[in-house]
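Note sheet for the following structure.
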Amino acid sequence: MPRPGFVLDVDKSTPPILFHHGESLRLEKLPAGRSRVLYPGEPLPALEDVDASIRHALDNPLGDSQPLRALLRPGMKLTIAFDDISLPLPPMRKPDVRQRVIEAVLDVAAAAGVDDVHLIAALALHRRMTEAELRHAVGDRVYDAFAPSGNLYNHDAEDLDNLELIGTTKHGEEVEINKRAATSDLIVYVNINLVSMDGGWKSTATGLSSYRSLRHHHNVKTMQHSRSFMDRHASELHSSNWRMGEVLRNSGIKVFQIETTLNNDTFGTSGPMSVLQKREWEWTARDRATFIGMKAGLDRLPVKARRKIFNSWLAPYGVTSVQAGEVEAVHEVTTANVFKQQLVTIEGQTDILTMGLPYICPYNVNSVMNPILVMCLGLGYFFNMYRGQPLVREGGVVIMSHPTPWEFNPVHHPSYIDFFEQVLTETTDPAELEARFEKQFAEDEWYRHLYRTSYAYHGVHPFYMWYWGSHALQHLGKVIIVGGEPRSVRRLGFTPASTLDDALELASDVVGRHATITHVHNPPLVMADVR
Amino acid sequence: MKALRFSRKPAKFAAAMVAGRLSPGAGAKVGPLALRDVDPPDLPGPGWVRVRPRLAGICGSDLATIDGTSSRWFEPIVSFPFTPGHEVVGELDDGTRVVVVPVLSCVARGIDPPCAACAAGRINHCERIAYGQLEPGLQCGFCESTGGGWSTLMLAHEQQVVVIPDALSDEAAVLVEPTACAVHAASQVQAGRVAVIGAGAIGLLTIAALRRAHEGLEIVATAKYPHQRALAAELGADVVVAPGELDRAVRTRTSSMRLDNGQLGGGVEAVVDCVGSADTIAQALRITAPGGTIHAVGMPGVTTVDLTPLWQREISLRGAYAYQRHDFDTAIELVAERDLGRLLTATYPLRSYEDAIAHAASAGSRGAVKIAFDLRSERERDRI
């Protein structure tokens with residue numbers, strides 16, 4: 001029976017605590033008597049027969065939906081959309097659950113005589129997936145059957161001929177999605193719901209949409225009113241997507257939603273990486289030796305070699321649930337299953353929130369974690385991993401650990417470079433940079449060209465990264481990065497510190513010398529239910 | 001009288017070249033520049049006046065001369081030994097404070113009729129700078145006959161002096177000559193968007209001059225150091241970026257396409273290069289739009305650069321040397337309006353010339369902009 005997540009009060013006997021630090025690791029001694037550590041739950045049991053569970057979900061849909069086979073008929077247009085490279089993190093070992101679900105859907109479609117099938121990577125304004133990445137997600141069999149004939153491809157949010165304006169919500173939000181999907185008799189959306197933000201109407205309304213549509217909820221105002229965006233019912237981001245979903249549904253577009261959840265088995269139970277998901281005081285002598293050896297080895301390697309090692313890691317996640325059917329009914333069950341794995345109750349807020357940022361976030365798979373993504377991962381994702389109220393109090397301090405190199409992947413993140421060099425030098429205020437610069441970047445022809453023909457994130461994407469952290473920026477009194485390249489950290493508008501002790505000293509200027517400290521031991525993923 | 005003299009001494013010149021490469025400004029210690037007791041220069045004829053320098057600035061072209069990096073192009077248009085110093089505020093025998101227009105054109109040289117350029121008022125285009133009653137020299141500060149500002153006395157033709165208002169301090173007035181260069185350069189620019197490379201003294205002054213001359217102009221500037229960045233923005237640059245970030249800044253401002261090797265499909269209509277190195281000229285060529293113009297304001301010297309883009313994109317490369325007389329009137333106004341005297345960071349007596357040159361040669365990294373000699377307390381000054 002896996003042990004649930006819990007909160008450890010740090011005392012003098014508590015060993016140093018693991019902090020992820022990009023492509024490295026740190027052990028940090030937290031001050032006794034005023035620190036606590038929020039640990040994730042151990043991996044929930046995986047489904048014993050994933051394929052059978054998928055078939056069961058397709059045949060026994062949730063909500064007001066017929067079984068998939070009843071929705072399929074010869075001569076119909078079927079579009080299968082699936083989550084892109086940003087999920088899951090790290091990527092999962094083969095077979096990817098998307099492949100399993102898609103193969104099951106295709107089996108049912110074939111049996112029903114459906115032969116007009118398109119598969120679309122629902123990447124919105126993310127970069128296109130490479131052939132290797134698509135093969136990993138859908139499997140060789142599906143790829144070879146559909147890609148050569150042009151029926152498996154990446155969504156193109158700048159292909160104006162292949163977008164369709166469906167309508168406008170009562171809040172004036174334009175709903176524009178992929179034309180093939182919009183004109184299909186059925187959209188089957190295949191999700192990996194790694195965190196509670198994923199899925200629901202956000203899948204179709206965001207994943208298959210365009211800048212014209214996205215700008216209505218990917219903006220500062222929405223993000224500052226999403227508290228948090230990991231809690232659907234308190235998230236303006238989701239409210240907007242749900243309104244858009246209503247427009248889609250009312251227009252006659254049919255979506256059969258398939259959502260899957262994964263357990264916390266991120267680093268495995270054997271091998272050197274497994275030590276990263278064990279609790280420090282339970283480390284054996286062998287674990288300690290493994291950790292010391294791994295850290296020493298990593299620290300001696302050049303950063304590119306370290307990156308290659310980490311990027312090659314495929315997580316052995318187990319699939320914990322599969323839900324299918326009507327979007328909202330499916331999503332309610334899915335979210336409950338995500339929470340079952342990740343949600344941990346914690347009493348009260350903290351003055352200082354510490355976090356060790358790992359080497360990966362949704363937007364640097366097989367790439368570089370540039371400084372803007374560091375900000376997004378820390379203040380966007382990790383900060384927002386709460387329900388109820390933020391884990392750190394208003395005016396408190398976040399201390400993140402990450403090397404924060406002044407480094408960008410010019411193929412994947414060309415507009416990020418310009419955002420870093422030209423926008424953050426002018427202002428770090430989300431609302432100001434949104435007003436002054438977003439349109440220019442969103443409509444830049446070169447970025448548009450690279451997004452459509454190369455493997456670049458859309459020109460506007462770095463703005464969204466900054467907006468993702470805007471609630472945290474509004475909430476916090478100070479942000480400190482431990483071990484970060486000082487000039488990068490300063491460019492972000494944050495304070496660099498060499499050590500955690502230095503960071504705590506700097507934080508004391510804001511929250512006093514006896515401030516409470518909470519460390520989120522993440523990853524594997526943990527979400528705070530703050531009472 | 002006291003004067004810093006630059007003599008024709010090949011061995012010392014070679015030593016200065018080596019020292020200057022190792023440490024900018026080090027040519028002053030080992031090269032042909034030395035502080036001397038010299039006889040006052042003789043007035044060449046009627047219409048000439050004596051100027052007692054009060055402050056005399058140190059210019060990039062002076063530093064290139066001292067460190068032995070300036071072009072051999074100058075050999076026939078300077079005369080040895082000369083006293084450097086062409087950014088001069090001084091006073092006449094009657095105490096009138098003046099700035100000197102150092103260009104030695106036909107009038108100063110006693111050439112009558114003047115060359116076509118001088119007749120048209122384009123004294124910076126004078127075709128007789130090695131002829132007439134003076135020794136060769138394109139300006140005071142490079143001519144044996146006139147002396148220069150790094151001394152207690154120099155000569156100027158009465159048409160070379162501009163009386164300055166009482167309200168203008170010496171510290172502000174010493175910026176008038178380089179500001180006139182900037183005003184002249186700015187007057188050449190015809191563009192809606194311009195990139196200014198370099199935020200040393202001449203770069204900052206050019207930004208100020210461009211802003212005054214072209215109100216709606218969008219100015220993208222580079223600055224290496226924080227104080228330069230702040231001043232560039234304050235003097236009128238719309239965007240200030242690090243030198244290595246300029247290509248991308250221009251690309252985003254112009255919505256240009258960018259090829260794999262970094263070259264732009266488009267670019268800005270005009271680039272003002274206030275550095276003049278091979279790197280900055282190459283950068284200017286990369287970011288200038290087809291049909292655009294590069295204005296070379298910083299003295300380039302001998303450089304190696306790929307001119308293919310000049311040809312393929314029909315880019316014009318245009319020098320911006322010195323000024324015309326009327327540019328000084330505008331410069332005086334601009335110096336006063338924008339309080340440009342604050343760009344004078346430090347002054348030194350003549351005896352500390354090695355420190356002064358070293359400071360000027362590393363001005364940016366030391367948080368400075370303009371360094372000058374202060375002659376007002378030199379004892380010899382009032383004995384002549």
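By order in the structure tokens, chains are A, B, ...; within a chain, residues start at 1; ligands start at 1, following the order shown.
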
To test your reading of the structure, identify every residue in range 125-325 of chain A that backbone DSSP assigns to helix (DSSP H, G or I), and report it as a count of residues only.
90

Check every residue of chain B for an atom within 12 Å of chain A, counting only C-alpha atoms, and provide those that qualify as JSON, numbers by chain.
{"B": [220, 221, 222, 226, 229, 230, 233, 238, 239, 240, 241, 242, 243, 244, 245, 246, 247, 248, 249, 250, 251, 252, 253, 254, 255, 256, 257, 258, 259, 260, 261, 262, 264, 265, 266]}

With C-alpha atoms retained, write the just-selected residues as a PDB file, in the first residue's frame.
ATOM      1  CA  VAL B 220      17.965  51.924 -31.397  1.00  0.00           C
ATOM      2  CA  ALA B 221      21.318  52.216 -29.635  1.00  0.00           C
ATOM      3  CA  THR B 222      23.956  49.945 -28.219  1.00  0.00           C
ATOM      4  CA  PRO B 226      25.291  50.652 -17.283  1.00  0.00           C
ATOM      5  CA  ARG B 229      22.862  52.660 -21.137  1.00  0.00           C
ATOM      6  CA  ALA B 230      21.226  55.154 -18.804  1.00  0.00           C
ATOM      7  CA  ALA B 233      18.110  56.376 -22.985  1.00  0.00           C
ATOM      8  CA  ASP B 238      14.115  54.605 -27.757  1.00  0.00           C
ATOM      9  CA  VAL B 239      15.746  51.244 -27.229  1.00  0.00           C
ATOM     10  CA  VAL B 240      19.162  50.549 -25.716  1.00  0.00           C
ATOM     11  CA  VAL B 241      20.668  47.090 -25.942  1.00  0.00           C
ATOM     12  CA  ALA B 242      24.026  45.416 -25.380  1.00  0.00           C
ATOM     13  CA  PRO B 243      26.251  45.401 -28.486  1.00  0.00           C
ATOM     14  CA  GLY B 244      25.735  41.668 -29.000  1.00  0.00           C
ATOM     15  CA  GLU B 245      21.979  42.110 -28.850  1.00  0.00           C
ATOM     16  CA  LEU B 246      21.677  44.737 -31.569  1.00  0.00           C
ATOM     17  CA  ASP B 247      21.077  42.412 -34.505  1.00  0.00           C
ATOM     18  CA  ARG B 248      18.104  40.809 -32.806  1.00  0.00           C
ATOM     19  CA  ALA B 249      16.792  44.150 -31.566  1.00  0.00           C
ATOM     20  CA  VAL B 250      16.847  45.528 -35.093  1.00  0.00           C
ATOM     21  CA  ARG B 251      15.169  42.409 -36.376  1.00  0.00           C
ATOM     22  CA  THR B 252      12.272  42.696 -33.968  1.00  0.00           C
ATOM     23  CA  ARG B 253      11.891  46.435 -34.481  1.00  0.00           C
ATOM     24  CA  THR B 254      11.805  46.022 -38.239  1.00  0.00           C
ATOM     25  CA  SER B 255       9.923  42.693 -38.304  1.00  0.00           C
ATOM     26  CA  SER B 256      12.640  41.419 -40.615  1.00  0.00           C
ATOM     27  CA  MET B 257      13.180  37.830 -41.503  1.00  0.00           C
ATOM     28  CA  ARG B 258      16.436  36.327 -40.245  1.00  0.00           C
ATOM     29  CA  LEU B 259      18.506  33.777 -42.095  1.00  0.00           C
ATOM     30  CA  ASP B 260      20.370  30.872 -40.550  1.00  0.00           C
ATOM     31  CA  ASN B 261      23.695  32.700 -40.361  1.00  0.00           C
ATOM     32  CA  GLY B 262      22.082  35.601 -38.558  1.00  0.00           C
ATOM     33  CA  LEU B 264      18.649  39.954 -41.730  1.00  0.00           C
ATOM     34  CA  GLY B 265      16.333  40.142 -44.687  1.00  0.00           C
ATOM     35  CA  GLY B 266      15.622  43.767 -43.884  1.00  0.00           C
TER      36      GLY B 266
END

Report the closest atom pair, with its distance in Å rounded to one decimal, for each residue of range 182-285 of chain B that has an atom no farther than 8 Å from range 329-334 of chain B; count only C-alpha atoms, sort by chain and then rising residue number, and write it as CSV.
residue,atom,partner,partner_atom,distance
B:Val183,CA,B:Ala331,CA,6.5
B:Ala208,CA,B:Leu334,CA,7.9
B:Ala209,CA,B:Leu334,CA,7.4
B:Arg212,CA,B:Leu334,CA,7.9

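Our summary of the geometry notes that CA of Arg286 in chain B is positioned 15.0 Å from CA of Thr304 in chain B.
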
Distance CA of Leu353 in chain A-CA of Ser470 in chain A, one decimal place?
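Atom-to-atom, CA of Leu353 in chain A to CA of Ser470 in chain A, that is 16.7 Å.
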
Pick from A:Pro88, A:Gly139, A:Pro523, A:Gly200: nearest to Arg243 in chain A, with only C-alpha atoms counted?
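When distances to Arg243 in chain A are compared using only C-alpha atoms, the smallest one comes from A:Gly200.
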
Contact residues around Leu285 in chain B with only C-alpha atoms at 12 Å, ignoring same-chain residues under 4 positions, as a VMD selection string:
chain B and resid 195 197 247 262 to 273 278 to 281 289 to 296 305 to 317

Using the selection just defined, write its residues with C-alpha atoms as an mmCIF file, in the first residue's frame.
data_model
loop_
_atom_site.group_PDB
_atom_site.id
_atom_site.type_symbol
_atom_site.label_atom_id
_atom_site.label_comp_id
_atom_site.auth_asym_id
_atom_site.auth_seq_id
_atom_site.Cartn_x
_atom_site.Cartn_y
_atom_site.Cartn_z
ATOM 1 C CA ALA B 195 20.703 52.290 -35.141
ATOM 2 C CA ILE B 197 26.450 51.735 -32.519
ATOM 3 C CA ASP B 247 21.077 42.412 -34.505
ATOM 4 C CA GLY B 262 22.082 35.601 -38.558
ATOM 5 C CA GLN B 263 21.877 38.056 -41.415
ATOM 6 C CA LEU B 264 18.649 39.954 -41.730
ATOM 7 C CA GLY B 265 16.333 40.142 -44.687
ATOM 8 C CA GLY B 266 15.622 43.767 -43.884
ATOM 9 C CA GLY B 267 17.063 46.132 -41.351
ATOM 10 C CA VAL B 268 17.175 49.789 -40.432
ATOM 11 C CA GLU B 269 17.405 52.485 -43.042
ATOM 12 C CA ALA B 270 20.447 54.021 -41.426
ATOM 13 C CA VAL B 271 23.189 52.990 -39.060
ATOM 14 C CA VAL B 272 25.485 55.466 -37.365
ATOM 15 C CA ASP B 273 28.673 53.685 -36.393
ATOM 16 C CA ALA B 278 35.902 45.940 -38.089
ATOM 17 C CA ASP B 279 33.292 44.324 -35.863
ATOM 18 C CA THR B 280 30.993 47.315 -35.774
ATOM 19 C CA ILE B 281 31.245 47.941 -39.501
ATOM 20 C CA ALA B 289 18.272 47.492 -44.885
ATOM 21 C CA PRO B 290 18.791 47.137 -48.641
ATOM 22 C CA GLY B 291 19.366 50.615 -50.027
ATOM 23 C CA GLY B 292 20.212 51.984 -46.585
ATOM 24 C CA THR B 293 23.182 54.010 -45.435
ATOM 25 C CA ILE B 294 25.944 53.459 -42.918
ATOM 26 C CA HIS B 295 27.353 56.658 -41.494
ATOM 27 C CA ALA B 296 30.910 56.179 -40.255
ATOM 28 C CA VAL B 305 35.529 43.562 -43.483
ATOM 29 C CA ASP B 306 33.404 41.547 -45.918
ATOM 30 C CA LEU B 307 31.813 44.089 -48.230
ATOM 31 C CA THR B 308 29.569 41.592 -50.012
ATOM 32 C CA PRO B 309 26.450 42.902 -48.288
ATOM 33 C CA LEU B 310 27.438 46.424 -49.319
ATOM 34 C CA TRP B 311 27.257 45.252 -52.893
ATOM 35 C CA GLN B 312 24.359 42.834 -52.723
ATOM 36 C CA ARG B 313 22.120 45.139 -50.712
ATOM 37 C CA GLU B 314 23.223 48.374 -52.358
ATOM 38 C CA ILE B 315 24.201 49.856 -49.015
ATOM 39 C CA SER B 316 25.924 53.218 -48.979
ATOM 40 C CA LEU B 317 28.879 53.674 -46.674
#
